[in-house]
Structure formats: structure tokens, C-alpha cells
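Dumped input-v1.cif below, it's mmCIF, C-alpha atoms (C1' of nucleotides):
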```cif
data_my_file
loop_
_atom_site.label_atom_id
_atom_site.label_comp_id
_atom_site.auth_asym_id
_atom_site.auth_seq_id
_atom_site.Cartn_x
_atom_site.Cartn_y
_atom_site.Cartn_z
CA MET A 1 -78.31 -214.73 116.54
CA ALA A 2 -74.63 -214.15 117.20
CA ARG A 3 -73.08 -216.69 119.50
CA GLY A 4 -70.21 -214.82 121.09
CA ARG A 5 -72.25 -212.25 122.96
CA LYS A 6 -75.87 -211.50 123.71
CA PRO A 7 -77.33 -208.40 122.11
CA PRO A 8 -77.07 -205.35 124.38
CA THR A 9 -80.85 -205.20 124.71
CA GLN A 10 -80.97 -207.36 127.78
CA ALA A 11 -77.34 -208.08 128.47
CA ASP A 12 -75.15 -205.16 129.47
CA PRO A 13 -76.49 -203.08 132.30
CA VAL A 14 -77.17 -199.65 130.88
CA ASP A 15 -75.26 -196.67 132.25
CA PHE A 16 -77.71 -193.84 132.73
CA ALA A 17 -74.84 -191.43 133.29
CA GLY A 18 -76.18 -188.44 135.15
CA LEU A 19 -79.64 -188.78 133.69
CA ARG A 20 -81.34 -190.24 136.72
CA SER A 21 -79.91 -187.53 138.93
CA TYR A 22 -81.70 -184.83 136.93
CA ILE A 23 -85.03 -183.66 138.28
CA GLY A 24 -85.98 -182.57 134.77
CA TYR A 25 -85.46 -186.07 133.41
CA MET A 26 -87.11 -187.90 136.28
CA ALA A 27 -90.09 -185.55 136.33
CA ARG A 28 -90.56 -186.21 132.64
CA GLN A 29 -90.39 -189.97 133.16
CA ALA A 30 -92.90 -189.89 136.02
CA GLN A 31 -95.25 -187.64 134.11
CA THR A 32 -95.29 -189.76 130.97
CA ALA A 33 -95.86 -192.87 133.09
CA VAL A 34 -98.89 -191.26 134.71
CA PHE A 35 -100.24 -190.15 131.32
CA ARG A 36 -99.83 -193.59 129.81
CA ASP A 37 -101.82 -194.96 132.71
CA PHE A 38 -104.44 -192.28 132.11
CA ALA A 39 -105.27 -194.04 128.83
CA ARG A 40 -107.55 -196.37 130.82
CA ILE A 41 -109.47 -193.37 132.10
CA THR A 42 -109.64 -191.91 128.59
CA GLU A 43 -111.15 -195.17 127.33
CA GLU A 44 -113.85 -195.12 129.97
CA THR A 45 -114.70 -191.43 129.83
CA GLY A 46 -113.48 -190.10 126.49
CA LEU A 47 -111.57 -187.41 128.39
CA THR A 48 -107.89 -186.57 127.96
CA PRO A 49 -105.88 -185.35 130.96
CA GLY A 50 -106.16 -181.79 129.68
CA GLU A 51 -109.93 -182.05 129.25
CA PHE A 52 -110.28 -183.46 132.74
CA SER A 53 -108.39 -180.46 134.15
CA LEU A 54 -110.52 -178.02 132.17
CA LEU A 55 -113.78 -179.61 133.29
CA THR A 56 -112.58 -179.58 136.90
CA LEU A 57 -111.72 -175.88 136.72
CA ILE A 58 -114.96 -174.94 134.97
CA GLY A 59 -116.96 -177.06 137.41
CA ALA A 60 -115.41 -175.36 140.42
CA ASN A 61 -115.67 -171.88 138.85
CA PRO A 62 -118.96 -171.58 136.96
CA GLY A 63 -118.95 -168.48 134.79
CA ILE A 64 -115.17 -168.53 134.30
CA ASN A 65 -114.00 -167.21 130.92
CA GLN A 66 -111.45 -168.51 128.46
CA ILE A 67 -108.75 -165.96 129.07
CA THR A 68 -108.68 -166.91 132.73
CA LEU A 69 -108.34 -170.58 131.85
CA VAL A 70 -105.50 -169.65 129.50
CA THR A 71 -103.50 -168.01 132.27
CA LEU A 72 -104.12 -170.94 134.61
CA HIS A 73 -103.01 -173.55 132.11
CA ASN A 74 -100.23 -171.66 130.37
CA LEU A 75 -101.72 -172.31 126.96
CA ASP A 76 -102.16 -170.03 123.99
CA LYS A 77 -105.72 -168.77 123.66
CA SER A 78 -105.97 -170.37 120.21
CA THR A 79 -105.10 -173.74 121.72
CA LEU A 80 -107.71 -173.37 124.41
CA SER A 81 -110.26 -172.22 121.84
CA LEU A 82 -109.98 -175.58 120.09
CA ALA A 83 -110.29 -177.51 123.36
CA ILE A 84 -113.40 -175.50 124.28
CA ARG A 85 -114.90 -176.16 120.86
CA ASP A 86 -114.45 -179.90 121.38
CA LEU A 87 -116.00 -179.82 124.86
CA MET A 88 -118.93 -177.86 123.42
CA ARG A 89 -119.40 -180.41 120.63
CA LYS A 90 -119.47 -183.19 123.20
CA GLU A 91 -122.05 -181.10 125.07
CA LEU A 92 -120.01 -181.25 128.27
CA ILE A 93 -119.94 -177.47 128.68
CA GLU A 94 -122.11 -174.55 127.61
CA ARG A 95 -121.49 -170.83 127.53
CA LYS A 96 -123.23 -167.52 127.14
CA LYS A 97 -122.03 -163.99 126.48
CA ASP A 98 -121.37 -161.88 129.54
CA SER A 99 -124.21 -159.34 129.68
CA ARG A 100 -121.90 -156.58 130.93
CA ASP A 101 -118.99 -157.17 128.53
CA GLY A 102 -119.85 -158.95 125.32
CA ARG A 103 -116.28 -159.98 124.66
CA TYR A 104 -116.41 -162.61 127.37
CA TYR A 105 -118.05 -165.99 127.37
CA ALA A 106 -119.17 -167.37 130.73
CA LEU A 107 -118.46 -171.10 130.76
CA ARG A 108 -120.24 -173.73 132.80
CA LEU A 109 -120.74 -177.47 132.83
CA THR A 110 -123.83 -179.03 131.34
CA ARG A 111 -125.68 -181.60 133.45
CA GLN A 112 -124.03 -184.25 131.31
CA GLY A 113 -120.62 -182.65 131.82
CA ALA A 114 -121.08 -182.57 135.57
CA LEU A 115 -121.99 -186.26 135.62
CA LEU A 116 -119.04 -187.24 133.46
CA LEU A 117 -116.69 -185.16 135.58
CA GLU A 118 -117.97 -186.92 138.69
CA LYS A 119 -117.26 -190.30 137.13
CA ALA A 120 -113.82 -189.24 135.87
CA THR A 121 -112.91 -187.80 139.25
CA LEU A 122 -113.51 -191.17 140.88
CA LEU A 123 -111.19 -192.83 138.36
CA VAL A 124 -108.52 -190.16 138.80
CA GLU A 125 -108.67 -190.53 142.56
CA GLU A 126 -108.28 -194.26 142.13
CA GLN A 127 -105.16 -193.55 140.08
CA GLU A 128 -103.88 -191.27 142.82
CA ARG A 129 -104.39 -194.05 145.39
CA LYS A 130 -102.19 -196.25 143.21
CA MET A 131 -99.46 -193.64 143.51
CA ASP A 132 -99.97 -193.44 147.26
CA ALA A 133 -99.13 -197.12 147.45
CA THR A 134 -95.56 -196.26 146.46
CA LEU A 135 -95.24 -193.40 148.93
CA LYS A 136 -94.66 -193.43 152.67
CA ALA A 137 -96.76 -191.55 155.18
CA GLY A 138 -96.44 -187.82 154.72
CA GLU A 139 -94.59 -188.10 151.42
CA ARG A 140 -97.58 -187.15 149.25
CA ALA A 141 -97.95 -183.72 150.84
CA GLN A 142 -94.23 -183.17 150.64
CA LEU A 143 -94.08 -184.22 146.98
CA LEU A 144 -96.96 -181.92 146.04
CA ASP A 145 -95.26 -179.04 147.79
CA MET A 146 -91.94 -179.66 146.06
CA LEU A 147 -93.64 -179.90 142.65
CA ARG A 148 -95.46 -176.63 143.34
CA ARG A 149 -92.16 -174.93 144.20
CA LEU A 150 -90.53 -176.28 141.04
CA SER A 151 -93.32 -174.86 138.87
CA LYS A 152 -92.94 -171.49 140.52
CA ALA A 153 -89.15 -171.54 140.08
CA PHE A 154 -89.64 -171.11 136.31
CA ASP A 155 -92.47 -168.57 136.27
CA MET C 1 -115.27 -152.10 130.17
CA ALA C 2 -118.14 -152.92 132.49
CA ARG C 3 -118.25 -150.78 135.57
CA GLY C 4 -120.06 -152.94 138.09
CA ARG C 5 -117.41 -155.64 138.34
CA LYS C 6 -113.91 -156.36 137.10
CA PRO C 7 -113.54 -159.16 134.58
CA PRO C 8 -112.89 -162.51 136.24
CA THR C 9 -109.39 -162.63 134.79
CA GLN C 10 -107.77 -160.90 137.69
CA ALA C 11 -110.64 -160.44 140.10
CA ASP C 12 -112.14 -163.56 141.62
CA PRO C 13 -109.67 -165.94 143.21
CA VAL C 14 -109.82 -169.16 141.23
CA ASP C 15 -110.93 -172.35 142.92
CA PHE C 16 -108.61 -175.14 141.81
CA ALA C 17 -110.95 -177.70 143.33
CA GLY C 18 -108.97 -180.86 143.95
CA LEU C 19 -106.61 -180.20 141.06
CA ARG C 20 -103.64 -179.09 143.11
CA SER C 21 -103.91 -182.13 145.34
CA TYR C 22 -103.38 -184.48 142.40
CA ILE C 23 -99.84 -185.71 141.85
CA GLY C 24 -100.69 -186.29 138.18
CA TYR C 25 -101.67 -182.66 137.71
CA MET C 26 -98.80 -181.17 139.69
CA ALA C 27 -96.22 -183.40 138.01
CA ARG C 28 -97.52 -182.23 134.67
CA GLN C 29 -97.30 -178.58 135.71
CA ALA C 30 -93.75 -178.97 136.99
CA GLN C 31 -92.64 -180.85 133.92
CA THR C 32 -94.02 -178.33 131.45
CA ALA C 33 -92.41 -175.52 133.45
CA VAL C 34 -89.02 -177.24 133.20
CA PHE C 35 -89.50 -177.84 129.47
CA ARG C 36 -90.45 -174.23 128.82
CA ASP C 37 -87.26 -173.20 130.59
CA PHE C 38 -85.32 -175.70 128.47
CA ALA C 39 -86.07 -173.48 125.46
CA ARG C 40 -83.05 -171.37 126.42
CA ILE C 41 -80.85 -174.45 126.25
CA THR C 42 -82.41 -175.42 122.91
CA GLU C 43 -81.56 -171.99 121.54
CA GLU C 44 -77.93 -172.30 122.56
CA THR C 45 -77.37 -175.92 121.55
CA GLY C 46 -80.08 -176.81 119.04
CA LEU C 47 -80.96 -179.79 121.23
CA THR C 48 -84.44 -180.68 122.46
CA PRO C 49 -84.85 -182.34 125.87
CA GLY C 50 -85.32 -185.70 124.15
CA GLU C 51 -82.20 -185.27 122.05
CA PHE C 52 -80.19 -184.33 125.11
CA SER C 53 -81.30 -187.55 126.82
CA LEU C 54 -80.46 -189.64 123.79
CA LEU C 55 -76.98 -188.12 123.44
CA THR C 56 -76.35 -188.67 127.14
CA LEU C 57 -77.34 -192.34 126.91
CA ILE C 58 -75.33 -192.93 123.73
CA GLY C 59 -72.34 -191.12 125.18
CA ALA C 60 -72.37 -193.26 128.32
CA ASN C 61 -73.00 -196.48 126.38
CA PRO C 62 -71.02 -196.43 123.15
CA GLY C 63 -72.16 -199.20 120.84
CA ILE C 64 -75.72 -199.20 122.19
CA ASN C 65 -78.40 -200.09 119.62
CA GLN C 66 -81.76 -198.53 118.86
CA ILE C 67 -83.95 -201.23 120.34
CA THR C 68 -82.23 -200.76 123.69
CA LEU C 69 -82.81 -197.03 123.56
CA VAL C 70 -86.45 -197.71 122.72
CA THR C 71 -86.98 -199.75 125.86
CA LEU C 72 -85.21 -197.15 128.00
CA HIS C 73 -87.24 -194.28 126.67
CA ASN C 74 -90.59 -196.00 126.21
CA LEU C 75 -90.87 -194.84 122.64
CA ASP C 76 -91.98 -196.68 119.55
CA LYS C 77 -89.04 -197.81 117.42
CA SER C 78 -90.40 -195.78 114.50
CA THR C 79 -90.31 -192.65 116.64
CA LEU C 80 -86.76 -193.30 117.71
CA SER C 81 -85.77 -194.03 114.11
CA LEU C 82 -86.72 -190.48 113.17
CA ALA C 83 -84.83 -188.99 116.11
CA ILE C 84 -81.73 -191.01 115.19
CA ARG C 85 -82.01 -189.85 111.59
CA ASP C 86 -82.00 -186.23 112.75
CA LEU C 87 -79.00 -186.73 115.05
CA MET C 88 -77.17 -188.38 112.16
CA ARG C 89 -77.98 -185.47 109.85
CA LYS C 90 -76.61 -183.06 112.42
CA GLU C 91 -73.51 -185.28 112.57
CA LEU C 92 -73.81 -185.64 116.34
CA ILE C 93 -73.81 -189.45 116.22
CA GLU C 94 -72.52 -192.11 113.88
CA ARG C 95 -73.26 -195.81 113.60
CA LYS C 96 -72.02 -198.98 112.01
CA LYS C 97 -73.53 -202.41 111.55
CA ASP C 98 -72.75 -204.92 114.26
CA SER C 99 -70.29 -207.36 112.71
CA ARG C 100 -71.83 -210.32 114.57
CA ASP C 101 -75.49 -209.51 113.92
CA GLY C 102 -76.21 -207.33 110.93
CA ARG C 103 -79.64 -206.34 112.21
CA TYR C 104 -78.12 -204.08 114.82
CA TYR C 105 -76.53 -200.69 114.46
CA ALA C 106 -73.91 -199.74 117.04
CA LEU C 107 -74.38 -196.07 117.90
CA ARG C 108 -71.76 -193.70 119.19
CA LEU C 109 -71.16 -189.97 119.48
CA THR C 110 -69.08 -188.13 116.93
CA ARG C 111 -66.36 -185.82 118.23
CA GLN C 112 -68.72 -182.93 117.49
CA GLY C 113 -71.53 -184.70 119.34
CA ALA C 114 -69.38 -185.26 122.40
CA LEU C 115 -68.41 -181.59 122.50
CA LEU C 116 -71.99 -180.42 122.13
CA LEU C 117 -73.15 -182.83 124.82
CA GLU C 118 -70.50 -181.47 127.14
CA LYS C 119 -71.73 -177.93 126.57
CA ALA C 120 -75.39 -178.91 126.95
CA THR C 121 -74.65 -180.82 130.14
CA LEU C 122 -73.24 -177.68 131.73
CA LEU C 123 -76.41 -175.77 130.85
CA VAL C 124 -78.65 -178.56 132.13
CA GLU C 125 -76.74 -178.68 135.39
CA GLU C 126 -77.16 -174.95 135.69
CA GLN C 127 -80.90 -175.47 135.27
CA GLU C 128 -80.82 -178.14 137.96
CA ARG C 129 -79.08 -175.71 140.32
CA LYS C 130 -81.97 -173.32 139.74
CA MET C 131 -84.32 -176.03 140.94
CA ASP C 132 -82.12 -176.70 143.95
CA ALA C 133 -82.65 -173.11 145.00
CA THR C 134 -86.29 -173.94 145.71
CA LEU C 135 -85.48 -177.12 147.64
CA LYS C 136 -84.24 -177.58 151.17
CA ALA C 137 -81.26 -179.73 152.13
CA GLY C 138 -81.89 -183.38 151.39
CA GLU C 139 -85.06 -182.73 149.41
CA ARG C 140 -83.47 -183.28 145.99
CA ALA C 141 -82.53 -186.88 146.75
CA GLN C 142 -85.92 -187.51 148.25
CA LEU C 143 -87.73 -186.00 145.27
CA LEU C 144 -85.71 -188.06 142.79
CA ASP C 145 -86.49 -191.20 144.74
CA MET C 146 -90.21 -190.47 144.86
CA LEU C 147 -90.30 -189.73 141.12
CA ARG C 148 -88.49 -193.00 140.45
CA ARG C 149 -91.03 -194.90 142.51
CA LEU C 150 -93.92 -193.20 140.70
CA SER C 151 -92.53 -194.21 137.30
CA LYS C 152 -92.20 -197.78 138.49
CA ALA C 153 -95.75 -197.81 139.87
CA PHE C 154 -97.12 -197.71 136.32
CA ASP C 155 -94.72 -200.12 134.62
"C1'" DT B 1 -90.62 -217.31 111.83
"C1'" DA B 2 -88.75 -213.64 114.74
"C1'" DT B 3 -86.22 -209.28 115.26
"C1'" DT B 4 -83.90 -204.67 113.97
"C1'" DG B 5 -84.69 -200.85 111.71
"C1'" DT B 6 -87.16 -197.64 107.96
"C1'" DT B 7 -90.92 -195.38 105.73
"C1'" DA B 8 -95.64 -193.75 104.82
"C1'" DT B 9 -99.25 -192.00 107.10
"C1'" DA B 10 -102.05 -189.97 110.47
"C1'" DC B 11 -103.25 -188.06 114.93
"C1'" DT B 12 -102.57 -184.99 118.87
"C1'" DC B 13 -100.94 -180.95 120.88
"C1'" DT B 14 -99.12 -176.75 120.43
"C1'" DA B 15 -98.08 -171.82 118.78
"C1'" DT B 16 -98.11 -167.75 115.34
"C1'" DA B 17 -100.53 -164.65 112.72
"C1'" DA B 18 -104.44 -162.62 110.81
"C1'" DC B 19 -109.02 -162.07 111.66
"C1'" DT B 20 -113.96 -160.55 113.97
"C1'" DA B 21 -116.39 -158.47 117.69
"C1'" DT B 22 -116.61 -155.75 121.42
"C1'" DA B 23 -115.05 -152.18 124.46
"C1'" DT G 1 -106.35 -148.71 120.58
"C1'" DA G 2 -106.84 -152.77 123.42
"C1'" DT G 3 -108.93 -157.20 124.62
"C1'" DA G 4 -111.69 -161.81 124.06
"C1'" DG G 5 -112.16 -165.22 121.16
"C1'" DT G 6 -111.83 -167.81 116.26
"C1'" DT G 7 -109.66 -169.70 112.29
"C1'" DA G 8 -106.00 -171.05 109.06
"C1'" DT G 9 -101.82 -172.93 109.08
"C1'" DA G 10 -97.70 -175.11 110.41
"C1'" DG G 11 -94.45 -177.53 113.40
"C1'" DA G 12 -93.37 -180.82 117.05
"C1'" DG G 13 -93.92 -185.45 118.81
"C1'" DT G 14 -96.07 -189.52 118.77
"C1'" DA G 15 -98.00 -194.29 117.19
"C1'" DT G 16 -99.72 -197.93 113.67
"C1'" DA G 17 -98.94 -200.65 109.85
"C1'" DA G 18 -96.48 -202.35 106.08
"C1'" DC G 19 -92.06 -203.07 104.64
"C1'" DA G 20 -86.76 -204.65 103.89
"C1'" DA G 21 -82.91 -206.96 105.70
"C1'" DT G 22 -80.98 -210.17 108.70
"C1'" DA G 23 -81.04 -214.06 111.72
#
```

Target format C-alpha cells, applied to this file:
Amino acid sequence: MARGRKPPTQADPVDFAGLRSYIGYMARQAQTAVFRDFARITEETGLTPGEFSLLTLIGANPGINQITLVTLHNLDKSTLSLAIRDLMRKELIERKKDSRDGRYYALRLTRQGALLLEKATLLVEEQERKMDATLKAGERAQLLDMLRRLSKAFD
Amino acid sequence: MARGRKPPTQADPVDFAGLRSYIGYMARQAQTAVFRDFARITEETGLTPGEFSLLTLIGANPGINQITLVTLHNLDKSTLSLAIRDLMRKELIERKKDSRDGRYYALRLTRQGALLLEKATLLVEEQERKMDATLKAGERAQLLDMLRRLSKAFD
DNA sequence: TATTGTTATACTCTATAACTATA
DNA sequence: TATAGTTATAGAGTATAACAATA
């Protein structure tokens, strides 16, 4: 180790320049932090954040089809197709052809999928409570509203 | 097309269940929206969001080393190594061995890198102004502070 | 022995394009 | 012709593990 000066790792305070004044940068940081924390939930349930969202949407909208999910999640249909295949293999969802239009699949949760979603939802809500601990009264609703407006700004 | 009912794609209003009340979900949605919009900036500059952040940090902290960047960005050092290699190839940064401790590289922007960063910064700030248009007075500072607290909550 | 940085490898997530089937 | 969904393929972005060089 050099004697004259400590390595910059812990020594010099880092200048973030404008970075921390950018919503884009800070939103990214917050989001990756939440996802890293989600790893605990993935361990317990086998579900990724994306799979949790899909199960929640299918659970609340039995009979929903893939193209609708695609528009909700802003994914390519090929990407969703792979995610659906995996959820089918895990027997968390099932589907059958729409009797009126054979191009559509109607998706719904299996019993097993519903149970797992219930368990995962509890863990996710626990994670949300952890976030609440850093927010003051009323801030959660305000934050959600601002995030919603940001998403819409780039439609 | 079936006659009795429209396909669910546009017909039935979708039930988001609790999804839109989750900060984790909404932060993800906002962040991906910002990144999709960043594609314009990538086209003009050749820089990804991650590269823009790295150039900003190196520009504000000439002589910074990779291990410091790793702790700031929460990346593995192998991941950063590849990003640094690409920035070197594009001749946007340069580095030399620390004379006191040969394990470190001191990173700094090239002239070309500084110019590109300047251009990219203007575009990023334009993007930030677009976000401001959806926020009321005072909300930007509040949002940044909440996002900072969220990141810290999962340290 | 410990630390900075590289490389080989693999995994995840994503999109594009070409395809099947249904309408 | 147009739409729902699948498959083959490829490109990001990421981490793990083994490594070389330096301390």
C-alpha cells in the first residue's frame, strides 16, 4: 500500500456532478435497489419481479390473453411468450383457446398459482412496508402519483 | 372476428389489482419509460445510460479508479471492466497506472470524451425538462429526495 | 495473504424476423 | 390480408470463478 495517500476508494469524497439531480439516474438507482432486495422473495417463491406482476394481472383478470398483457407491460409478444411458457411449465397458470376466436388463449391461474401468488403478495407487501418506513405521512401516495405521471410523459 | 364480444385487448377495462399501489412496480414502470426515451440520446451520441453515468463520474473525478466506480454503481468489477474496455476502445477515456500503487488505474476523459459528455449532458437535461413538465413546483426536489431515501432503505 | 483488474463462461432479459394458425 | 402466438436467433447486461499482477 502506498504511504503518501490513501487509495481513492474510501478517501476522497466522490463528486457526483449533476448525477444525483437527474430523475432518470435516481429512479434507476432506486429501482435496482428494490430489485436486489426482491432476490429474497425470489428465493422463497421462485418468482422474478416480472413473473409476480404477470401472475397478479392474470389473477385479477381471469381469461385475459397474451396480447393484452403485452400492451400492459410494454414487452414484445415473443418475450411474453417465453415468460408464459415458463409459468405454464411451473404449472402456475393454465390456458385454453377462446371458443369464439381460436387465435386467442384465455389465461388463468391454477390453484397452485393462486396459492403461490397469495404467498408472494404477502412478501411484496412486507417489502413495501419497508419502503414506507423511509417515507413520511402522505408521501407514498404522492410518490406513486409522480411515478405514474413520469411513465405517461414518455408514452 | 367473433361477433358476440370484442376481444379483450381493447374491450374490458383491465384490473391492475394492487399493482399500481406498489412503489416497486411503479418505479420499474417509470424507469423503463425513461430508458426507452433514452434511445434517442443513444442514437445521437452512441452512449447507453450506464455509459453516460460512468463518463459523468469520471469527468467529475479525474484519476478515479475502477474499484471506486464499482462501489458507486453497485456493479461487479468484472462487469465494469467490460464497460471500461468499451469506453477505451471508443477513445472516450484513457488511463494510466497509479505511480504509487501499481494495482490501480487512474481514469480520465479524453478530449473527445469530454466533448461527447458535454453534448450528451445537454440532451439528458432536455429529457429532464420533459419530466419537469409533468411535475408541479417543488415536486422535483421532493421526488429526488424520496428516491434517494428508497435506495438507502435497501443498502 | 489481500486487493485491483481481466478473462472465460454462463445466465437473464430483451427484440427482430420468419413462421403457424386462425380470422 | 391481418392478428395471436411460437420459435430461432442474437444482442445487451449482468454475475461467478479462476486468473495475473501488485502490494

Cut-off 12 Å: closest stretch 50-130 of chain C/stretch 7-21 of chain G atom pairs per residue, using only C-alpha atoms (C1' of nucleotides), as CSV:
```
residue,atom,partner,partner_atom,distance
C:Gly50,CA,G:DG13,C1',10.1
C:Asn74,CA,G:DT14,C1',11.3
C:Leu75,CA,G:DT14,C1',8.4
C:Asp76,CA,G:DA15,C1',6.9
C:Lys77,CA,G:DA15,C1',9.6
C:Ser78,CA,G:DA15,C1',8.2
C:Thr79,CA,G:DT14,C1',6.9
C:Leu80,CA,G:DT14,C1',10.1
C:Leu82,CA,G:DG13,C1',10.4
C:Ala83,CA,G:DG13,C1',10.1
C:Lys97,CA,G:DA21,C1',12.0
C:Asp101,CA,G:DA21,C1',11.4
C:Gly102,CA,G:DA21,C1',8.5
C:Arg103,CA,G:DA21,C1',7.3
C:Tyr104,CA,G:DA21,C1',10.7
```

* Long-range neighbours of G:DT3 as a VMD selection string, 10 Å cut-off, only C-alpha atoms (C1' of nucleotides), 2 positions minimum in chain -> (chain A and resid 67 103 to 104) or (chain C and resid 1) or (chain B and resid 22 to 23) or (chain G and resid 1 5)

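The coordinates place atom CA of C:Val70 at 23.8 Å from atom CA of C:Arg111.
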
Evaluated on this file, the PyMOL selection byres ((chain C and resi 58) around 12) picks out some residues - which ones are they, written as a PDB file with C-alpha atoms, in the coordinates of the input?
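result02.pdb, freshly written:
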```pdb
ATOM      1  CA  VAL A  14     -77.170-199.650 130.880  1.00  0.00           C
ATOM      2  CA  ASP A  15     -75.260-196.670 132.250  1.00  0.00           C
ATOM      3  CA  PHE A  16     -77.710-193.840 132.730  1.00  0.00           C
ATOM      4  CA  ALA A  17     -74.840-191.430 133.290  1.00  0.00           C
ATOM      5  CA  LEU A  19     -79.640-188.780 133.690  1.00  0.00           C
TER       6      LEU A  19
ATOM      7  CA  GLU C  51     -82.200-185.270 122.050  1.00  0.00           C
ATOM      8  CA  PHE C  52     -80.190-184.330 125.110  1.00  0.00           C
ATOM      9  CA  SER C  53     -81.300-187.550 126.820  1.00  0.00           C
ATOM     10  CA  LEU C  54     -80.460-189.640 123.790  1.00  0.00           C
ATOM     11  CA  LEU C  55     -76.980-188.120 123.440  1.00  0.00           C
ATOM     12  CA  THR C  56     -76.350-188.670 127.140  1.00  0.00           C
ATOM     13  CA  LEU C  57     -77.340-192.340 126.910  1.00  0.00           C
ATOM     14  CA  GLY C  59     -72.340-191.120 125.180  1.00  0.00           C
ATOM     15  CA  ALA C  60     -72.370-193.260 128.320  1.00  0.00           C
ATOM     16  CA  ASN C  61     -73.000-196.480 126.380  1.00  0.00           C
ATOM     17  CA  PRO C  62     -71.020-196.430 123.150  1.00  0.00           C
ATOM     18  CA  GLY C  63     -72.160-199.200 120.840  1.00  0.00           C
ATOM     19  CA  ILE C  64     -75.720-199.200 122.190  1.00  0.00           C
ATOM     20  CA  ASN C  65     -78.400-200.090 119.620  1.00  0.00           C
ATOM     21  CA  GLN C  66     -81.760-198.530 118.860  1.00  0.00           C
ATOM     22  CA  THR C  68     -82.230-200.760 123.690  1.00  0.00           C
ATOM     23  CA  LEU C  69     -82.810-197.030 123.560  1.00  0.00           C
ATOM     24  CA  LEU C  72     -85.210-197.150 128.000  1.00  0.00           C
ATOM     25  CA  ILE C  84     -81.730-191.010 115.190  1.00  0.00           C
ATOM     26  CA  LEU C  87     -79.000-186.730 115.050  1.00  0.00           C
ATOM     27  CA  LEU C  92     -73.810-185.640 116.340  1.00  0.00           C
ATOM     28  CA  ILE C  93     -73.810-189.450 116.220  1.00  0.00           C
ATOM     29  CA  GLU C  94     -72.520-192.110 113.880  1.00  0.00           C
ATOM     30  CA  ARG C  95     -73.260-195.810 113.600  1.00  0.00           C
ATOM     31  CA  ALA C 106     -73.910-199.740 117.040  1.00  0.00           C
ATOM     32  CA  LEU C 107     -74.380-196.070 117.900  1.00  0.00           C
ATOM     33  CA  ARG C 108     -71.760-193.700 119.190  1.00  0.00           C
ATOM     34  CA  LEU C 109     -71.160-189.970 119.480  1.00  0.00           C
ATOM     35  CA  THR C 110     -69.080-188.130 116.930  1.00  0.00           C
ATOM     36  CA  GLY C 113     -71.530-184.700 119.340  1.00  0.00           C
ATOM     37  CA  ALA C 114     -69.380-185.260 122.400  1.00  0.00           C
ATOM     38  CA  LEU C 117     -73.150-182.830 124.820  1.00  0.00           C
TER      39      LEU C 117
END
```

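Counting only C-alpha atoms, the residue from A:Thr48, A:Ser151, A:Gln127, A:Gln142 that sits nearest to chain C is A:Ser151.
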
* To do: Would you mind reading off the distance between atom CA of A:Phe35 and atom CA of C:Phe154, one decimal, in Å?
  =>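 Between these atoms lies a distance of 9.6 Å.
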
* To do: Could you jot down the atom CA of C:Thr134 to atom CA of A:Lys152 separation for me, Å, one decimal place?
  => 8.8 Å

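What the PyMOL selection byres ((chain C and resi 31) around 10) matches in the given file is Ile23, Gly24, Tyr25, Met26, Ala27, Arg28, Gln29, Ala30, Gln31, Thr32, Leu147, Leu150 and Ser151 of chain A; Tyr25, Met26, Ala27, Arg28, Gln29, Ala30, Thr32, Ala33, Val34, Phe35, Arg36 and Asp37 of chain C.
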
* To do: Could you please select, counting all atoms listed in the file, the residues of chain B within 10 Å of chain C and state them as a ChimeraX atom specification?
  => /B:3-7,22-23

* Using all atoms listed in the file, which residue out of C:Lys96, C:Gly138, C:Glu91, C:Glu128 lies closest to chain A? -> C:Glu128

Padded axis-aligned box of stretch 50-66 of chain C (8 Å per side), centre and edge lengths, Å, one decimal, as lines of an AutoDock Vina configuration file:
```
center_x = -78.2
center_y = -192.2
center_z = 123.6
size_x = 30.3
size_y = 31.8
size_z = 25.5
```

* Asked: In terms of the shortest atom-to-atom distance over all atoms listed in the file, which of A:Lys119, A:Arg85, A:Arg100, A:Lys136 is closest to A:Thr42?
  ->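 Result for the nearest residue to A:Thr42: A:Lys119.
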
* To do: Point out the residue among A:Ile41, A:Arg89, A:Asp98, A:Pro13 with the least atom-to-atom distance to chain G, counting only C-alpha atoms (C1' of nucleotides).
  =>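 That would be A:Asp98, the residue with the smallest distance to chain G.
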